[in-house]
Amino acid sequence: MPDQTVPPASGAPTSGTPTSGPPISGPQGTGAGTPPLKVAILPVTPFQQNCSILWCTATKRAAVVDPGDGVTQIQEFLARQGLTLDRILVTHGHVDHAAAVADLMAATGVPVDGPQREDKFWIDRLPEDGAKYGMLYAKPFTPTRWLDDGDTITVGDLTLDVLHCPGHTPGHVVFIHGPSRLAIVGDVIFQGSIGRTDFPRGDHAALIRSIREKLFPLGDDITFLPGHGEPSTFGQERRGNPFVSDRAVARG
Ligand SMILES: [Zn+2]
């Protein structure tokens, strides 16, 4: 679904191709050598949703975040990189993020973590939304674990922190890997934009609070991967995002 709030001055949309680019790593720590976490982005669905595959470089254990489509491509990527899939993570229940969760779960047998329980109504309507957008494979699913604020997720030697960031949807969660200074934020915030809040149970004030009070305090140096478009940093958005920058919030 068209998930971004259209910014006053629109940045160039990403021209994603349905192939995975080279893996990009989170910013490295002080030490040289292989970073502990790597992540690749696979744009899927008519909405060019950034399905991400992240993995622990030490153990080659992986997690797939938001498989809106691409079950075959995901499995080919994992095989090519010699990775073992540990789990599927879901930021929120929108069709472009969650339509292929059931199929990937059936194909791999791995557990599904997330989103937070308040997104159940979105997951339940995946078949209807899928039909509307030509994604006829969309199926509902029951997560192995509903996530909540403060939960942690293990992928190999990596520990991801979970933040509940409602607003775009009521049960939206964000995944953080502190040591890599990396956040996977779904449709909460984008480079130069924020998530739409005109869907059922969207809440603009809650979204602004999620970004300003939960995400930005994590640090300007955090790089985030959004559900659509290019990565950015919290610092860049705190300075220049027309919806949630320091200046935009001060202006009210
Ligand atoms: Zn969304």
# chains A, B, ... in the order shown; residues from 1 in each chain; ligands from 1

call {"tool": "residues_near_ligand", "arguments": {"ligand": "ligand 1", "cutoff": "6 Å", "atoms": "only C-alpha atoms and all ligand atoms", "output": "list in words"}}
result
Asp3, His94 and Asp187 of chain A

call {"tool": "residues_around", "arguments": {"residues": "range 196-207 of chain A", "least_positions_apart": "2", "cutoff": "6 Å", "atoms": "only C-alpha atoms", "output": "list in words"}}
result
Asp3, Gln4, Thr5, Pro166, Gly167, His168, Thr169, Arg209 and Ser210 of chain A

call {"tool": "select_by_dssp", "arguments": {"residues": "range 87-169 of chain A", "states": "strand (DSSP E)", "output": "ChimeraX atom specification"}}
result
/A:87-89,112-113,152-155,158-164

call {"tool": "residues_around", "arguments": {"residues": "Asp119 in chain A", "least_positions_apart": "6", "cutoff": "8 Å", "atoms": "only C-alpha atoms", "output": "list of chain:residue names"}}
result
A:His92, A:Gly93, A:Thr169, A:Pro170, A:Gly171, A:His172

call {"tool": "write_last_selection", "arguments": {"atoms": "C-alpha atoms", "output": "mmCIF file, in the first residue's frame"}}
result
data_model
loop_
_atom_site.group_PDB
_atom_site.id
_atom_site.type_symbol
_atom_site.label_atom_id
_atom_site.label_comp_id
_atom_site.auth_asym_id
_atom_site.auth_seq_id
_atom_site.Cartn_x
_atom_site.Cartn_y
_atom_site.Cartn_z
ATOM 1 C CA HIS A 92 3.446 -4.475 11.012
ATOM 2 C CA GLY A 93 0.497 -6.161 9.364
ATOM 3 C CA THR A 169 -0.469 1.057 12.636
ATOM 4 C CA PRO A 170 -1.321 0.432 16.305
ATOM 5 C CA GLY A 171 0.906 -2.636 16.608
ATOM 6 C CA HIS A 172 3.955 -1.478 14.650
#

call {"tool": "closest_residue", "arguments": {"among": "A:Ile222, A:Gln191, A:Ala98, A:Asp151", "to": "Pro179 in chain A", "atoms": "only C-alpha atoms"}}
result
A:Ile222

call {"tool": "select_by_dssp", "arguments": {"residues": "range 77-233 of chain A", "states": "alpha helix (DSSP H)", "output": "PyMOL selection string"}}
result
chain A and resi 77-81+95-98+101-108+120-124+126-132+204-209

call {"tool": "residues_around", "arguments": {"residues": "Asp246 in chain A", "least_positions_apart": "5", "cutoff": "12 Å", "atoms": "only C-alpha atoms", "output": "list of chain:residue names"}}
result
A:Ile208, A:Ile211, A:Arg212, A:Phe216, A:Phe234, A:Gly235, A:Gln236, A:Glu237, A:Arg238, A:Arg239, A:Gly240, A:Asn241, A:Arg251, A:Gly252

call {"tool": "residues_around", "arguments": {"residues": "Gly114 in chain A", "least_positions_apart": "3", "cutoff": "6 Å", "atoms": "only C-alpha atoms", "output": "PDB file with C-alpha atoms, in the first residue's frame"}}
result
ATOM      1  CA  LEU A  89      10.260 -10.843  11.800  1.00  0.00           C
ATOM      2  CA  VAL A  90       7.267  -8.627  11.018  1.00  0.00           C
ATOM      3  CA  TRP A 146       3.443 -11.319  19.477  1.00  0.00           C
ATOM      4  CA  LEU A 147       6.087  -8.746  20.368  1.00  0.00           C
TER       5      LEU A 147
END

call {"tool": "closest_atom_pairs", "arguments": {"of": "range 114-170 of chain A", "to": "range 37-51 of chain A", "cutoff": "12 Å", "atoms": "only C-alpha atoms", "output": "tab-separated table"}}
result
residue	atom	partner	partner_atom	distance
A:Gly130	CA	A:Thr45	CA	10.4
A:Lys132	CA	A:Pro46	CA	11.9
A:Tyr133	CA	A:Pro46	CA	8.1
A:Gly134	CA	A:Pro46	CA	8.8
A:Met135	CA	A:Thr45	CA	7.9
A:Leu136	CA	A:Thr45	CA	11.4
A:Tyr137	CA	A:Thr45	CA	11.3
A:Ala138	CA	A:Thr45	CA	11.0
A:Val155	CA	A:Leu37	CA	9.7
A:Gly156	CA	A:Leu37	CA	9.9
A:Asp157	CA	A:Leu37	CA	9.4
A:Leu158	CA	A:Leu37	CA	7.5
A:Thr159	CA	A:Leu37	CA	10.3
A:Leu160	CA	A:Leu37	CA	10.7

call {"tool": "write_last_selection", "arguments": {"atoms": "N, CA and C atoms", "output": "PDB file, in the first residue's frame"}}
result
ATOM      1  N   GLY A 130      -4.824  -8.126  -0.145  1.00  0.00           N
ATOM      2  CA  GLY A 130      -4.033  -8.730  -1.218  1.00  0.00           C
ATOM      3  C   GLY A 130      -4.807  -8.749  -2.521  1.00  0.00           C
ATOM      4  N   LYS A 132      -7.109  -6.760  -3.434  1.00  0.00           N
ATOM      5  CA  LYS A 132      -7.260  -5.389  -3.920  1.00  0.00           C
ATOM      6  C   LYS A 132      -6.035  -4.937  -4.710  1.00  0.00           C
ATOM      7  N   TYR A 133      -4.854  -5.416  -4.308  1.00  0.00           N
ATOM      8  CA  TYR A 133      -3.611  -4.965  -4.943  1.00  0.00           C
ATOM      9  C   TYR A 133      -2.987  -6.027  -5.847  1.00  0.00           C
ATOM     10  N   GLY A 134      -3.754  -7.070  -6.175  1.00  0.00           N
ATOM     11  CA  GLY A 134      -3.242  -8.090  -7.086  1.00  0.00           C
ATOM     12  C   GLY A 134      -2.244  -9.038  -6.451  1.00  0.00           C
ATOM     13  N   MET A 135      -2.216  -9.089  -5.127  1.00  0.00           N
ATOM     14  CA  MET A 135      -1.296  -9.999  -4.433  1.00  0.00           C
ATOM     15  C   MET A 135      -2.135 -11.164  -3.900  1.00  0.00           C
ATOM     16  N   LEU A 136      -2.484 -12.071  -4.823  1.00  0.00           N
ATOM     17  CA  LEU A 136      -3.486 -13.086  -4.512  1.00  0.00           C
ATOM     18  C   LEU A 136      -2.960 -14.161  -3.558  1.00  0.00           C
ATOM     19  N   TYR A 137      -1.631 -14.161  -3.343  1.00  0.00           N
ATOM     20  CA  TYR A 137      -1.040 -15.145  -2.434  1.00  0.00           C
ATOM     21  C   TYR A 137      -1.171 -14.725  -0.971  1.00  0.00           C
ATOM     22  N   ALA A 138      -1.631 -13.498  -0.714  1.00  0.00           N
ATOM     23  CA  ALA A 138      -1.655 -12.979   0.664  1.00  0.00           C
ATOM     24  C   ALA A 138      -2.549 -13.837   1.563  1.00  0.00           C
ATOM     25  N   VAL A 155      19.299 -13.747  16.982  1.00  0.00           N
ATOM     26  CA  VAL A 155      19.628 -14.299  15.659  1.00  0.00           C
ATOM     27  C   VAL A 155      21.103 -14.671  15.715  1.00  0.00           C
ATOM     28  N   GLY A 156      21.403 -15.958  15.830  1.00  0.00           N
ATOM     29  CA  GLY A 156      22.798 -16.357  16.039  1.00  0.00           C
ATOM     30  C   GLY A 156      23.316 -15.721  17.317  1.00  0.00           C
ATOM     31  N   ASP A 157      24.443 -15.008  17.196  1.00  0.00           N
ATOM     32  CA  ASP A 157      25.020 -14.321  18.358  1.00  0.00           C
ATOM     33  C   ASP A 157      24.469 -12.913  18.540  1.00  0.00           C
ATOM     34  N   LEU A 158      23.578 -12.491  17.668  1.00  0.00           N
ATOM     35  CA  LEU A 158      23.061 -11.119  17.719  1.00  0.00           C
ATOM     36  C   LEU A 158      21.836 -11.037  18.621  1.00  0.00           C
ATOM     37  N   THR A 159      21.715  -9.920  19.311  1.00  0.00           N
ATOM     38  CA  THR A 159      20.489  -9.637  20.060  1.00  0.00           C
ATOM     39  C   THR A 159      19.880  -8.350  19.511  1.00  0.00           C
ATOM     40  N   LEU A 160      18.641  -8.442  19.061  1.00  0.00           N
ATOM     41  CA  LEU A 160      17.912  -7.268  18.575  1.00  0.00           C
ATOM     42  C   LEU A 160      16.948  -6.814  19.660  1.00  0.00           C
TER      43      LEU A 160
END

call {"tool": "closest_atom_pairs", "arguments": {"of": "range 176-201 of chain A", "to": "range 52-65 of chain A", "cutoff": "12 Å", "atoms": "only C-alpha atoms", "output": "CSV"}}
result
residue,atom,partner,partner_atom,distance
A:Ile176,CA,A:Leu54,CA,11.7
A:His177,CA,A:Leu54,CA,10.6
A:Ser180,CA,A:Cys56,CA,11.3
A:Leu182,CA,A:Leu54,CA,11.0
A:Ala183,CA,A:Leu54,CA,11.4
A:Ile184,CA,A:Val65,CA,8.4
A:Val185,CA,A:Val65,CA,10.2
A:Gly186,CA,A:Val65,CA,9.0

call {"tool": "write_last_selection", "arguments": {"atoms": "C-alpha atoms", "output": "CSV table (one decimal), in the first residue's frame"}}
result
chain,number,residue,atom,x,y,z
A,176,ILE,CA,17.3,-2.3,16.8
A,177,HIS,CA,20.8,-3.7,16.8
A,180,SER,CA,25.8,-2.0,14.7
A,182,LEU,CA,21.2,0.0,13.0
A,183,ALA,CA,17.4,0.2,13.1
A,184,ILE,CA,14.9,-1.5,10.9
A,185,VAL,CA,11.9,0.8,11.1
A,186,GLY,CA,9.2,-0.4,8.7

call {"tool": "atom_distance", "arguments": {"atom1": "CA of Thr233 in chain A", "atom2": "CA of Asp96 in chain A"}}
result
23.3 Å

call {"tool": "atom_distance", "arguments": {"atom1": "CA of His228 in chain A", "atom2": "CA of His97 in chain A"}}
result
10.3 Å

call {"tool": "atom_distance", "arguments": {"atom1": "CA of Ile74 in chain A", "atom2": "CA of Val112 in chain A"}}
result
15.3 Å

call {"tool": "closest_residue", "arguments": {"among": "A:Leu104, A:Val162, A:Leu126, A:Val244", "to": "Gln73 in chain A", "atoms": "only C-alpha atoms"}}
result
A:Leu104

call {"tool": "closest_residue", "arguments": {"among": "A:Asp220, A:Glu230, A:Asp148, A:Asp103", "to": "Arg117 in chain A", "atoms": "only C-alpha atoms"}}
result
A:Asp148
